[in-house]
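Trainee: Below is the file upload.tsv, with TSV, C-alpha atoms and all ligand atoms.
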chain	number	residue	atom	x	y	z
V	1	MET	CA	14.49	94.83	42.95
V	2	ALA	CA	13.82	91.34	41.72
V	3	GLU	CA	14.23	89.88	38.18
V	4	PRO	CA	12.29	91.71	35.41
V	5	ILE	CA	9.10	90.06	34.08
V	6	PRO	CA	8.51	90.47	30.32
V	7	ALA	CA	4.99	89.81	28.92
V	8	GLY	CA	4.58	86.07	28.37
V	9	HIS	CA	6.66	85.16	31.42
V	10	VAL	CA	5.57	84.30	34.92
V	11	GLY	CA	7.76	85.97	37.54
V	12	ASP	CA	8.87	84.43	40.83
V	13	ARG	CA	6.86	85.13	43.98
V	14	LEU	CA	7.88	88.50	45.50
V	15	LEU	CA	8.95	88.78	49.11
V	16	PRO	CA	7.62	91.67	51.23
V	17	GLY	CA	9.53	94.86	50.43
V	18	THR	CA	10.54	93.77	46.91
V	19	ALA	CA	9.36	94.89	43.48
V	20	ALA	CA	9.95	93.47	40.01
V	21	PRO	CA	10.17	95.47	36.76
V	22	ILE	CA	7.05	94.21	34.92
V	23	MET	CA	5.77	94.82	31.39
V	24	THR	CA	2.15	95.44	30.36
V	25	GLY	CA	0.45	92.09	29.83
V	26	ALA	CA	2.68	90.04	32.12
V	27	PRO	CA	0.89	88.22	34.97
V	28	VAL	CA	1.32	89.90	38.33
V	29	PRO	CA	3.60	87.61	40.36
V	30	GLY	CA	2.54	86.00	43.60
V	31	GLY	CA	3.15	88.23	46.59
V	32	ALA	CA	2.59	91.45	44.58
V	33	ASP	CA	-0.58	93.50	45.05
V	34	ALA	CA	-0.13	96.59	42.82
V	35	VAL	CA	1.68	97.90	39.75
V	36	VAL	CA	3.42	101.27	39.69
V	37	ARG	CA	3.95	102.98	36.32
V	38	ILE	CA	7.65	103.30	35.51
V	39	GLU	CA	7.02	107.08	35.18
V	40	ASP	CA	6.16	107.12	38.92
V	41	VAL	CA	9.29	105.20	39.99
V	42	LEU	CA	12.52	106.81	41.15
V	43	PRO	CA	14.61	106.46	39.05
V	44	PRO	CA	11.86	106.49	36.28
V	45	ARG	CA	13.41	103.94	33.94
V	46	PHE	CA	14.01	100.23	33.56
V	47	GLY	CA	17.47	98.71	33.80
V	48	GLN	CA	17.98	98.25	37.54
V	49	ALA	CA	20.03	95.31	38.66
V	50	VAL	CA	18.66	92.67	41.03
V	51	GLY	CA	19.11	94.00	44.57
V	52	ASP	CA	19.00	97.73	43.57
V	53	ARG	CA	16.67	99.99	45.57
V	54	VAL	CA	13.84	102.08	44.04
V	55	SER	CA	11.19	104.33	45.54
V	56	PHE	CA	7.80	105.63	44.32
V	57	THR	CA	6.74	109.24	43.84
V	58	ALA	CA	3.45	108.68	45.75
V	59	PRO	CA	1.83	106.06	48.00
V	60	VAL	CA	0.37	103.13	46.04
V	61	ASP	CA	-3.10	101.67	46.61
V	62	VAL	CA	-3.55	97.92	46.61
V	63	GLY	CA	-4.84	96.75	43.22
V	64	THR	CA	-3.54	99.74	41.21
V	65	PHE	CA	-3.12	98.80	37.51
V	66	VAL	CA	-3.90	95.14	38.20
V	67	ARG	CA	-6.54	93.57	35.93
V	68	ARG	CA	-8.12	90.76	37.91
V	69	ALA	CA	-8.70	87.45	36.15
V	70	GLY	CA	-12.45	87.16	35.52
V	71	SER	CA	-13.14	90.91	35.63
V	72	ASP	CA	-14.34	90.78	31.99
V	73	VAL	CA	-15.85	87.29	31.90
V	74	SER	CA	-15.47	84.51	34.39
V	75	SER	CA	-15.95	80.79	34.47
V	76	GLY	CA	-19.64	79.89	34.17
V	77	ASP	CA	-20.70	83.22	32.61
V	78	VAL	CA	-22.69	83.22	29.34
V	79	LEU	CA	-20.18	84.67	26.88
V	80	LEU	CA	-22.65	85.30	24.04
V	81	PRO	CA	-26.39	84.64	24.22
V	82	ALA	CA	-27.81	82.31	21.54
V	83	GLY	CA	-28.67	84.30	18.42
V	84	SER	CA	-25.82	86.79	18.74
V	85	PRO	CA	-24.52	87.96	15.39
V	86	LEU	CA	-20.81	87.19	15.18
V	87	GLY	CA	-19.33	90.63	14.60
V	88	ALA	CA	-15.92	91.97	15.43
V	89	ALA	CA	-16.11	92.09	19.24
V	90	GLN	CA	-17.99	88.77	19.48
V	91	LEU	CA	-15.39	86.91	17.41
V	92	GLY	CA	-12.62	88.51	19.45
V	93	ALA	CA	-14.31	87.59	22.75
V	94	LEU	CA	-14.77	83.98	21.62
V	95	VAL	CA	-11.15	83.58	20.60
V	96	ALA	CA	-9.93	85.39	23.74
V	97	SER	CA	-11.90	82.85	25.77
V	98	GLY	CA	-10.25	79.93	24.01
V	99	ILE	CA	-13.21	79.09	21.76
V	100	ASP	CA	-12.45	78.54	18.09
V	101	ARG	CA	-15.66	76.77	17.02
V	102	VAL	CA	-19.30	77.70	17.55
V	103	ARG	CA	-22.56	76.45	16.10
V	104	VAL	CA	-24.14	79.04	13.83
V	105	ALA	CA	-27.58	79.26	12.23
V	106	ASP	CA	-27.90	78.62	8.50
V	107	ALA	CA	-28.12	81.87	6.56
V	108	PRO	CA	-31.62	82.22	5.09
V	109	ARG	CA	-31.41	81.68	1.33
V	110	VAL	CA	-33.13	84.48	-0.56
V	111	LEU	CA	-33.87	84.57	-4.28
V	112	LEU	CA	-34.06	88.21	-5.36
V	113	VAL	CA	-35.81	88.68	-8.70
V	114	SER	CA	-35.60	92.08	-10.41
V	115	THR	CA	-38.38	92.21	-12.98
V	116	GLY	CA	-38.94	94.42	-16.02
V	117	SER	CA	-38.05	94.19	-19.69
V	118	GLU	CA	-36.27	97.53	-19.35
V	119	VAL	CA	-33.94	96.29	-16.59
V	120	ARG	CA	-30.33	95.54	-17.54
V	121	GLY	CA	-27.44	94.28	-15.43
V	122	ALA	CA	-24.95	96.53	-13.66
V	123	GLY	CA	-22.48	98.03	-16.13
V	124	GLU	CA	-24.31	96.83	-19.25
V	125	THR	CA	-24.64	99.26	-22.15
V	126	LEU	CA	-28.16	100.66	-22.12
V	127	GLY	CA	-30.42	100.99	-25.13
V	128	PRO	CA	-33.27	103.51	-25.31
V	129	GLY	CA	-35.73	103.12	-22.47
V	130	GLN	CA	-33.52	100.79	-20.46
V	131	VAL	CA	-32.31	101.13	-16.85
V	132	HIS	CA	-29.67	99.42	-14.77
V	133	ASP	CA	-30.72	96.98	-12.06
V	134	ALA	CA	-30.44	99.31	-9.07
V	135	ASN	CA	-32.84	97.19	-7.02
V	136	GLY	CA	-30.78	94.05	-7.48
V	137	ALA	CA	-27.75	95.87	-6.06
V	138	SER	CA	-29.46	97.71	-3.22
V	139	LEU	CA	-31.73	94.91	-2.02
V	140	ALA	CA	-29.00	92.28	-2.28
V	141	ALA	CA	-26.83	94.47	-0.06
V	142	SER	CA	-29.71	95.03	2.39
V	143	LEU	CA	-30.43	91.31	2.54
V	144	ARG	CA	-26.78	90.49	3.14
V	145	VAL	CA	-26.66	92.91	6.05
V	146	VAL	CA	-29.31	90.85	7.80
V	147	GLY	CA	-27.34	87.68	7.15
V	148	ALA	CA	-29.03	86.27	4.05
V	149	ASP	CA	-27.41	84.16	1.34
V	150	VAL	CA	-28.70	86.02	-1.74
V	151	ARG	CA	-28.94	85.08	-5.44
V	152	VAL	CA	-30.08	87.80	-7.85
V	153	ARG	CA	-31.89	87.09	-11.12
V	154	THR	CA	-33.42	89.51	-13.61
V	155	VAL	CA	-36.55	88.60	-15.54
V	156	ALA	CA	-38.24	90.35	-18.46
V	157	ASP	CA	-41.96	91.08	-18.46
V	158	ASP	CA	-42.66	87.54	-19.59
V	159	VAL	CA	-44.76	85.20	-17.46
V	160	ALA	CA	-43.08	82.05	-18.78
V	161	ALA	CA	-39.64	83.45	-17.93
V	162	PHE	CA	-40.83	84.44	-14.44
V	163	ARG	CA	-42.24	80.97	-13.85
V	164	SER	CA	-39.07	79.30	-15.04
V	165	VAL	CA	-36.90	81.32	-12.62
V	166	LEU	CA	-39.08	80.11	-9.74
V	167	ALA	CA	-39.03	76.55	-11.07
V	168	ALA	CA	-35.22	76.56	-11.44
V	169	PRO	CA	-33.92	79.33	-9.17
V	170	ASP	CA	-30.29	78.30	-9.55
V	171	HIS	CA	-28.19	75.97	-11.68
V	172	ALA	CA	-26.48	74.33	-8.71
V	173	GLY	CA	-29.54	72.94	-6.95
V	174	TRP	CA	-29.69	75.86	-4.50
V	175	ALA	CA	-33.29	76.45	-3.35
V	176	PRO	CA	-34.50	79.60	-1.58
V	177	ASP	CA	-36.27	79.91	1.76
V	178	LEU	CA	-37.75	83.21	0.60
V	179	VAL	CA	-38.33	84.96	-2.72
V	180	VAL	CA	-38.24	88.75	-2.99
V	181	THR	CA	-39.34	90.38	-6.25
V	182	THR	CA	-39.22	94.00	-7.33
V	183	GLY	CA	-41.45	95.60	-9.96
V	184	GLY	CA	-44.41	94.27	-11.85
V	185	VAL	CA	-47.03	94.70	-9.15
V	186	SER	CA	-49.02	97.82	-9.97
V	187	ALA	CA	-51.80	98.57	-12.47
V	188	GLY	CA	-50.08	98.28	-15.87
V	189	ALA	CA	-50.78	95.84	-18.68
V	190	TYR	CA	-47.54	93.82	-18.34
V	191	GLU	CA	-47.14	93.39	-14.59
V	192	VAL	CA	-45.13	90.20	-14.65
V	193	VAL	CA	-45.15	89.45	-10.92
V	194	ARG	CA	-48.88	89.99	-10.62
V	195	LEU	CA	-49.61	87.99	-13.81
V	196	GLY	CA	-47.06	85.28	-13.12
V	197	LEU	CA	-48.24	84.64	-9.57
V	198	GLY	CA	-51.84	84.78	-10.78
V	199	ALA	CA	-51.07	82.03	-13.30
V	200	LEU	CA	-49.32	79.96	-10.63
V	201	ALA	CA	-52.31	80.43	-8.31
V	202	ASP	CA	-54.64	79.25	-11.10
V	203	ASP	CA	-52.51	76.09	-11.32
V	204	GLY	CA	-52.70	75.55	-7.55
V	205	LEU	CA	-49.01	76.45	-7.14
V	206	ALA	CA	-49.39	79.73	-5.22
V	207	ASP	CA	-51.58	81.63	-2.79
V	208	VAL	CA	-51.41	85.28	-3.59
V	209	TRP	CA	-52.43	88.68	-2.21
V	210	PHE	CA	-51.93	92.01	-3.94
V	211	GLY	CA	-53.00	95.31	-2.50
V	212	HIS	CA	-52.04	98.81	-1.49
V	213	VAL	CA	-50.76	99.93	1.86
V	214	ALA	CA	-51.39	103.55	2.82
V	215	MET	CA	-47.74	104.44	2.52
V	216	GLN	CA	-45.64	106.48	0.13
V	217	PRO	CA	-43.32	105.26	-1.23
V	218	GLY	CA	-44.02	101.56	-1.15
V	219	GLY	CA	-47.78	101.65	-1.75
V	220	PRO	CA	-48.36	98.71	-4.10
V	221	GLN	CA	-47.37	95.45	-2.41
V	222	GLY	CA	-47.80	91.71	-2.93
V	223	LEU	CA	-47.44	88.63	-0.75
V	224	ALA	CA	-47.59	84.98	-1.67
V	225	THR	CA	-46.57	81.48	-0.86
V	226	VAL	CA	-45.32	79.87	-4.01
V	227	ALA	CA	-43.91	76.56	-5.22
V	228	VAL	CA	-40.20	76.86	-6.07
V	229	GLY	CA	-37.44	74.60	-7.28
V	230	PRO	CA	-37.59	71.12	-8.76
V	231	ASP	CA	-39.45	69.63	-5.79
V	232	GLY	CA	-42.05	72.42	-5.74
V	233	GLY	CA	-41.83	73.17	-2.01
V	234	ARG	CA	-43.79	76.25	-1.00
V	235	VAL	CA	-41.89	79.28	0.27
V	236	PRO	CA	-43.00	82.82	1.13
V	237	LEU	CA	-42.67	85.48	-1.54
V	238	VAL	CA	-42.65	89.24	-0.94
V	239	ALA	CA	-43.39	91.42	-3.98
V	240	PHE	CA	-42.05	94.96	-3.63
V	241	PRO	CA	-42.77	97.81	-6.04
V	242	GLY	CA	-40.15	98.52	-8.70
V	243	ASN	CA	-39.35	102.14	-7.98
V	244	PRO	CA	-35.92	101.98	-6.33
V	245	VAL	CA	-36.79	104.06	-3.26
V	246	SER	CA	-40.08	102.18	-2.86
V	247	ALA	CA	-38.27	98.85	-2.94
V	248	LEU	CA	-35.64	99.92	-0.39
V	249	ALA	CA	-38.11	101.60	1.96
V	250	SER	CA	-40.35	98.52	1.77
V	251	PHE	CA	-37.39	96.37	2.74
V	252	GLU	CA	-36.51	98.61	5.69
V	253	LEU	CA	-40.04	98.83	7.05
V	254	PHE	CA	-41.54	95.43	6.26
V	255	LEU	CA	-38.87	92.83	5.64
V	256	ARG	CA	-35.80	93.90	7.60
V	257	PRO	CA	-37.48	93.52	11.02
V	258	VAL	CA	-38.87	90.09	10.13
V	259	LEU	CA	-35.58	88.77	8.76
V	260	ALA	CA	-33.57	90.28	11.61
V	261	GLN	CA	-35.84	88.47	14.05
V	262	ALA	CA	-35.65	85.23	12.07
V	263	THR	CA	-31.86	85.32	12.05
V	264	GLY	CA	-31.68	86.42	15.69
V	265	LEU	CA	-30.03	89.70	14.78
V	266	ARG	CA	-30.30	92.44	17.34
V	267	PRO	CA	-31.44	95.18	17.26
V	268	VAL	CA	-34.34	94.11	15.07
V	269	ARG	CA	-35.10	97.77	14.31
V	270	ARG	CA	-32.36	100.29	13.85
V	271	GLY	CA	-31.90	103.28	16.13
V	272	ARG	CA	-34.90	105.58	16.19
V	273	GLY	CA	-35.87	108.78	17.88
V	274	ARG	CA	-37.81	112.03	17.64
V	275	ALA	CA	-36.37	115.36	16.55
V	276	PRO	CA	-37.66	118.74	15.31
V	277	LEU	CA	-37.86	119.40	11.59
V	278	ALA	CA	-35.46	121.99	10.17
V	279	ASP	CA	-38.04	122.99	7.52
V	280	ALA	CA	-41.78	122.76	7.00
V	281	VAL	CA	-43.12	119.77	5.05
V	282	ASP	CA	-46.37	118.91	3.26
V	283	SER	CA	-47.63	115.36	2.99
V	284	PRO	CA	-50.69	113.62	1.49
V	285	PRO	CA	-52.86	113.07	4.59
V	286	ALA	CA	-54.26	109.77	3.28
V	287	LEU	CA	-50.75	108.26	3.25
V	288	HIS	CA	-48.03	107.60	5.79
V	289	GLN	CA	-45.19	109.34	4.05
V	290	VAL	CA	-41.65	108.08	4.45
V	291	ARG	CA	-39.11	110.76	3.59
V	292	ARG	CA	-35.34	110.59	3.66
V	293	GLY	CA	-33.24	112.91	5.75
V	294	MET	CA	-30.27	113.52	7.98
V	295	LEU	CA	-29.71	115.12	11.37
V	296	ASP	CA	-27.97	118.50	11.37
V	297	ASP	CA	-25.42	119.49	13.99
V	298	VAL	CA	-28.10	120.89	16.31
V	299	GLY	CA	-30.13	117.68	16.12
V	300	ARG	CA	-32.83	118.80	13.68
V	301	VAL	CA	-34.11	116.57	10.87
V	302	VAL	CA	-33.22	118.00	7.47
V	303	LEU	CA	-35.08	116.35	4.59
V	304	VAL	CA	-32.90	115.15	1.72
V	305	GLY	CA	-34.57	115.35	-1.71
V	306	GLY	CA	-38.30	115.27	-2.39
V	307	PRO	CA	-40.86	112.54	-1.84
V	308	GLY	CA	-40.38	110.94	-5.31
V	309	SER	CA	-39.73	107.21	-5.33
V	310	HIS	CA	-37.09	107.49	-8.08
V	311	LEU	CA	-34.72	109.64	-5.95
V	312	LEU	CA	-32.25	106.89	-5.09
V	313	ALA	CA	-29.13	109.06	-5.24
V	314	ARG	CA	-30.69	111.38	-2.66
V	315	TYR	CA	-31.55	108.33	-0.52
V	316	ALA	CA	-27.87	107.39	-0.76
V	317	GLU	CA	-27.02	110.72	0.93
V	318	ALA	CA	-29.56	110.26	3.71
V	319	THR	CA	-28.90	108.72	7.11
V	320	VAL	CA	-32.47	108.45	8.41
V	321	LEU	CA	-35.97	107.60	7.21
V	322	VAL	CA	-38.43	110.23	8.41
V	323	HIS	CA	-42.02	109.33	9.22
V	324	VAL	CA	-44.86	111.75	8.47
V	325	PRO	CA	-47.86	109.85	9.81
V	326	LEU	CA	-51.22	109.17	8.25
V	327	GLY	CA	-53.63	112.08	8.66
V	328	VAL	CA	-50.92	114.76	8.66
V	329	ALA	CA	-51.07	117.28	5.78
V	330	HIS	CA	-48.51	119.77	7.01
V	331	LEU	CA	-45.77	120.10	9.61
V	332	ASP	CA	-44.02	123.34	10.46
V	333	ALA	CA	-40.31	123.80	11.02
V	334	GLY	CA	-39.70	122.88	14.65
V	335	ASP	CA	-42.47	120.24	14.77
V	336	GLU	CA	-41.19	116.88	15.97
V	337	VAL	CA	-41.02	113.89	13.65
V	338	GLU	CA	-40.04	110.29	14.24
V	339	TYR	CA	-36.95	109.08	12.41
V	340	GLU	CA	-35.10	105.78	12.15
V	341	GLU	CA	-31.54	105.18	11.09
V	342	ILE	CA	-30.66	103.57	7.78
V	343	GLY	CA	-27.36	101.90	7.06
V	401	LIG	N1	-51.88	103.24	-12.97
V	401	LIG	C1	-51.09	103.18	-11.90
V	401	LIG	N2	-49.78	103.25	-12.09
V	401	LIG	C2	-48.94	103.22	-11.05
V	401	LIG	C3	-49.46	103.08	-9.74
V	401	LIG	C4	-50.84	102.97	-9.56
V	401	LIG	O1	-51.35	102.84	-8.45
V	401	LIG	N3	-51.61	103.02	-10.68
V	401	LIG	N4	-48.61	103.06	-8.68
V	401	LIG	C5	-47.33	103.70	-8.87
V	401	LIG	C6	-46.47	103.40	-7.78
V	401	LIG	S1	-46.77	104.20	-6.32
V	401	LIG	C7	-45.41	102.56	-7.89
V	401	LIG	S2	-44.35	102.36	-6.58
V	401	LIG	C8	-45.11	101.85	-9.12
V	401	LIG	C9	-44.91	100.38	-8.77
V	401	LIG	O2	-45.05	99.67	-9.91
V	401	LIG	P1	-44.39	98.30	-10.17
V	401	LIG	O3	-44.01	97.60	-8.94
V	401	LIG	O4	-45.24	97.59	-11.11
V	401	LIG	O5	-43.00	98.71	-10.77
V	401	LIG	P2	-42.56	98.82	-12.28
V	401	LIG	O6	-43.63	99.48	-13.06
V	401	LIG	O7	-42.06	97.54	-12.71
V	401	LIG	O8	-41.36	99.83	-12.07
V	401	LIG	C10	-41.54	101.12	-11.57
V	401	LIG	C11	-40.33	101.97	-11.93
V	401	LIG	O9	-39.18	101.44	-11.35
V	401	LIG	C12	-38.20	101.10	-12.33
V	401	LIG	N5	-37.55	99.85	-11.96
V	401	LIG	C13	-38.16	98.65	-11.87
V	401	LIG	N6	-37.26	97.72	-11.49
V	401	LIG	C14	-36.08	98.36	-11.37
V	401	LIG	C15	-34.78	97.92	-11.01
V	401	LIG	N7	-34.53	96.62	-10.72
V	401	LIG	N8	-33.79	98.82	-10.94
V	401	LIG	C16	-34.04	100.14	-11.26
V	401	LIG	N9	-35.26	100.60	-11.59
V	401	LIG	C17	-36.26	99.72	-11.66
V	401	LIG	C18	-39.00	100.92	-13.59
V	401	LIG	O10	-38.22	101.08	-14.74
V	401	LIG	C19	-40.07	101.98	-13.42
V	401	LIG	O11	-39.57	103.24	-13.78
V	401	LIG	O12	-46.17	101.97	-10.02
V	401	LIG	C20	-46.66	103.29	-10.17
V	401	LIG	N10	-47.60	103.31	-11.26
V	402	LIG	O1	-45.75	103.76	-3.65
V	402	LIG	MO1	-44.85	104.17	-4.99
V	402	LIG	O2	-43.82	103.26	-4.01
V	402	LIG	O3	-45.01	105.80	-4.27
V	402	LIG	O4	-43.63	105.12	-5.58
Could you show the structure in this file as structure tokens?
Mentor:
Amino acid sequence: MAEPIPAGHVGDRLLPGTAAPIMTGAPVPGGADAVVRIEDVLPPRFGQAVGDRVSFTAPVDVGTFVRRAGSDVSSGDVLLPAGSPLGAAQLGALVASGIDRVRVADAPRVLLVSTGSEVRGAGETLGPGQVHDANGASLAASLRVVGADVRVRTVADDVAAFRSVLAAPDHAGWAPDLVVTTGGVSAGAYEVVRLGLGALADDGLADVWFGHVAMQPGGPQGLATVAVGPDGGRVPLVAFPGNPVSALASFELFLRPVLAQATGLRPVRRGRGRAPLADAVDSPPALHQVRRGMLDDVGRVVLVGGPGSHLLARYAEATVLVHVPLGVAHLDAGDEVEYEEIG
């Protein structure tokens, strides 16, 4: 036996016929070509003196328990492709490779505007007819997951107030790359997003489209480019419906893939697959219906809650969005549906 080699020490070169007690993580010394677990040594414990004799319980193959330098990543390899999100393993791999600085993309700045005179901030005391700003919370979280720098504002059904939020999106000179609004897009008399963008378009400060997509929830939708901030630069605006499930499903289906691509996040779409339904389902055939569900322990899709676009607490229980395509009025239990994961 030669001198022991603790982790963090480099042992002397071994001569043929010698072994050194070595700890996990210590570099294998020159002259050695395998490591034998102490459990497989006779006697099976450390503490031998230099010059003592040991034997092994079985023949030892060359390379056993040796981790070769470069077996994970070697000189000249691409450690992380451009556009990689820096998550746990990526940050660890960078630091392990001796890199403590990398160039990162700017987070897209997103102004999220929850509209509606009934909408109150999280935790505020509600008066009659008022609701808390669920969309501000859920969409801000969704946007942050795709790497956005998000500011949330709430605006009453008041065109002047809506216009002033776009004109001065933040007190500190922060200007958005994208505006996302919720509510105020359908057919009512006080649709602040529709009216506000219409007024801006009349003043030459926006180009606007409003329409319906054949989807439920998330039918009424708006798109625009609009002047924002003190210098009036044009940025894209996406106007989602106000119902909380409609807003979230719209984000998942329309905006998440675009933002994930823009920020280089992979995968752009979340995991998807096909699975049989646990129960029959009816759907309006003129609409692509997006239901919420989860997979049971035999891999069937179980729907969670009904189709209503107010059922946010049920959405919170779900793990997948379930697609019932256009033209389908009924599916039986056992029929396959497409699903995609939600976070
Ligand atoms: N006459 C019609 N009425 C409605 C139609 C239609 O086609 N014709 N479409 C319905 C559908 S579908 C949807 S979706 C909604 C979308 O309308 P808006 O985008 O204008 O949304 P609002 O009326 O502002 O709000 C709808 C609903 O959601 C609540 N809400 C709004 N913002 C929030 C928020 N930040 N947090 C929580 N809850 C919010 C709001 O109080 C309403 O209850 O229009 C249907 N009507
Ligand atoms: O399209 Mo609305 O989003 O059904 O509730």
Trainee: Might I get the box with edges along x, y and z of the file that holds all atoms of ligand LIG 402 (chain V) listed there, padded by 5 Å on every side, given as centre and edge lengths in Å to one decimal, as lines of an AutoDock Vina configuration file?
Mentor:
center_x = -44.7
center_y = 104.5
center_z = -4.6
size_x = 12.1
size_y = 12.5
size_z = 11.9
Trainee: Neighbours of ligand LIG 401 (chain V) within 7 Å, counting all atoms listed in the file, as a PyMOL selection string?
Mentor: chain V and resi 114-116+118-119+131-136+182-188+191+216-220+240-244+246+309
Trainee: Hey, can you pull every residue with an atom no more than 10 Å from (-43.2, 85.0, -15.5), using all atoms listed in the file, and send it as a ChimeraX atom specification?
Mentor: /V:115,155-166,191-200
Trainee: Point out the residue among V:Gly51, V:Pro284, V:Gly17, V:Pro325 with the least atom-to-atom distance to ligand LIG 402 (chain V), counting all atoms listed in the file.
Mentor: V:Pro284
Trainee: Using only C-alpha atoms, can you tell me which of V:Thr263, V:Thr181, V:Ser117, V:Thr64 comes closest to V:Ala82?
Mentor: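 The shortest atom-to-atom distance to V:Ala82 comes from V:Thr263.
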